[in-house]
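A short worksheet on the structure shown next.
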Amino acid sequence: MSITLPPEYKPNKKEPFMNPRMREYFRKKLLDWRTELVKESNDTLQNLQEGGIVEPDIADRAAVETDRSLELRTRDRARKLISKIDQALERIEDGSYGYCEETDEPISIARLEARPIATMSIEAQERHERMERTHRDD
């Protein structure tokens with residue numbers, strides 16, 4: 001079943017949570033974000049393949065290496081983000097998207113707008129982070 005969203009559509013609290021239009025809105029948002037990340041990643045790979053380090057000056061060579069290292073770390077973060085986007089898209093397909101994996105309560109629309117890959121409500125996320133900090137201090 002294909003759903004066409006009006007261009008101005010934004011999910012709101014008054015409509016049923018994760019109705020087909022809302023799910024399609026977030027599916028499209030995730031797919032657009034994924035496409036952008038993949039494009040940036042491909043651009044980076046092309047840039048890295050094009051340039052051998054031919055800087056005669058050692059400081060310039062070091063700067064180029066630092067830039068490349070930073071770019072590779074950025075790409076690694078993007079790769080992990082793409083994986084989380086894919087997991088979110090799977091949750092849309094199986095109907096669990098938008099619900100906290102800890103409490104099964106709906107995650108706020110505002111949180112999903114800001115972080116469409118969120119898997120926990122803000123409250124559950126804060127509890128989780130407090131627990132991590134407590135155990136890290138041991």
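So you can find residues: chains in the structure tokens are A, B, ... in the order shown, residues in each start at 1, and ligands are numbered from 1 in order.
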Dump as CSV the rows for residues of segment 100-123 of chain A within 12 Å of segment 33-41 of chain A: closest atom pair and distance in Å with one decimal, only C-alpha atoms counted, ordered by chain and rising residue number.
```
residue,atom,partner,partner_atom,distance
A:Arg115,CA,A:Trp33,CA,11.1
A:Pro116,CA,A:Trp33,CA,9.7
A:Ile117,CA,A:Trp33,CA,10.6
```
Can you write just those residues out, C-alpha atoms, as a tab-separated table (two decimals), in the first residue's frame?
```
chain	number	residue	atom	x	y	z
A	115	ARG	CA	16.43	11.93	16.44
A	116	PRO	CA	14.49	9.63	14.10
A	117	ILE	CA	16.69	6.67	15.07
```
* To do: Have a look at A:Ile92, A:Ala59, A:Asn42, A:Asp76 and name the one nearest to Lys29 of chain A; count only C-alpha atoms.
  =>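 Of all the options, A:Ile92 lies closest to Lys29 of chain A.
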* **Near-Arg21 of chain A list (9 Å; only C-alpha atoms; drop same-chain fewer than 6 positions) as a PyMOL selection string** => chain A and resi 3-5+9+11
* May I have the residues within 9 Å of segment 82-90 of chain A as a ChimeraX atom specification, using only C-alpha atoms and disregarding those fewer than 3 positions away in the same chain? => /A:26-27,30-31,33-34,37-38,77-79,93-98,116-119
Just N, CA and C atoms for this one: save the residues we selected as a tab-separated table (two decimals), in the first residue's frame.
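Result written to again03.tsv:
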```tsv
chain	number	residue	atom	x	y	z
A	26	PHE	N	8.09	9.26	8.69
A	26	PHE	CA	9.38	8.93	9.29
A	26	PHE	C	10.20	8.01	8.38
A	27	ARG	N	9.53	7.12	7.65
A	27	ARG	CA	10.25	6.25	6.69
A	27	ARG	C	10.95	7.11	5.65
A	30	LEU	N	13.90	9.02	7.21
A	30	LEU	CA	15.06	8.13	7.40
A	30	LEU	C	15.73	7.81	6.06
A	31	LEU	N	14.93	7.52	5.04
A	31	LEU	CA	15.51	7.20	3.72
A	31	LEU	C	16.28	8.39	3.14
A	33	TRP	N	17.73	10.80	4.84
A	33	TRP	CA	18.94	10.95	5.64
A	33	TRP	C	19.98	9.92	5.22
A	34	ARG	N	19.52	8.67	5.01
A	34	ARG	CA	20.42	7.60	4.60
A	34	ARG	C	21.05	7.91	3.24
A	37	LEU	N	23.78	10.49	3.62
A	37	LEU	CA	24.99	9.93	4.23
A	37	LEU	C	25.77	9.07	3.24
A	38	VAL	N	25.06	8.26	2.46
A	38	VAL	CA	25.72	7.39	1.47
A	38	VAL	C	26.41	8.25	0.41
A	77	ARG	N	31.74	6.97	11.57
A	77	ARG	CA	30.54	7.37	12.31
A	77	ARG	C	29.32	7.33	11.39
A	78	ALA	N	29.49	7.77	10.15
A	78	ALA	CA	28.39	7.75	9.18
A	78	ALA	C	27.95	6.31	8.91
A	79	ARG	N	28.91	5.41	8.80
A	79	ARG	CA	28.60	3.99	8.55
A	79	ARG	C	27.76	3.43	9.70
A	93	GLU	N	8.91	-1.32	9.45
A	93	GLU	CA	8.30	-2.46	8.76
A	93	GLU	C	7.62	-3.42	9.74
A	94	ASP	N	8.24	-3.65	10.90
A	94	ASP	CA	7.65	-4.64	11.82
A	94	ASP	C	6.66	-4.02	12.82
A	95	GLY	N	6.48	-2.69	12.73
A	95	GLY	CA	5.48	-2.03	13.56
A	95	GLY	C	5.96	-1.59	14.93
A	96	SER	N	7.25	-1.77	15.24
A	96	SER	CA	7.74	-1.39	16.56
A	96	SER	C	8.36	0.02	16.59
A	97	TYR	N	8.46	0.66	15.43
A	97	TYR	CA	9.06	2.00	15.36
A	97	TYR	C	8.23	3.00	16.16
A	98	GLY	N	8.94	3.86	16.89
A	98	GLY	CA	8.28	4.93	17.63
A	98	GLY	C	7.91	4.54	19.05
A	116	PRO	N	15.38	10.67	14.63
A	116	PRO	CA	14.49	9.63	14.10
A	116	PRO	C	14.96	8.20	14.34
A	117	ILE	N	16.21	8.03	14.78
A	117	ILE	CA	16.69	6.67	15.07
A	117	ILE	C	16.54	6.31	16.55
A	118	ALA	N	15.90	7.20	17.34
A	118	ALA	CA	15.74	6.95	18.77
A	118	ALA	C	15.01	5.64	19.02
A	119	THR	N	15.48	4.90	20.01
A	119	THR	CA	14.84	3.63	20.36
A	119	THR	C	14.25	3.67	21.77
```
* Near-Lys13 of chain A list (10 Å; only C-alpha atoms; drop same-chain fewer than 5 positions) as a list in words -> Ser108, Ile109 and Ala110 of chain A
* **Option closest in space to Asp43 of chain A, from A:Met22, A:Glu105, A:Ala63, A:Glu71 [counting only C-alpha atoms]** =>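 Comparing A:Met22, A:Glu105, A:Ala63, A:Glu71 against Asp43 of chain A, the winner is A:Glu71.
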* Please measure the separation of atom CA of Leu70 of chain A and atom CA of Leu45 of chain A, giving the value in Å to one decimal. =>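 Separation of atom CA of Leu70 of chain A and atom CA of Leu45 of chain A: 13.1 Å.
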* Asked: Out of segment 64-115 of chain A, which residues get alpha helix (DSSP H) from DSSP, as an NGL selection string?
  -> :A and (64-94 or 109-114)
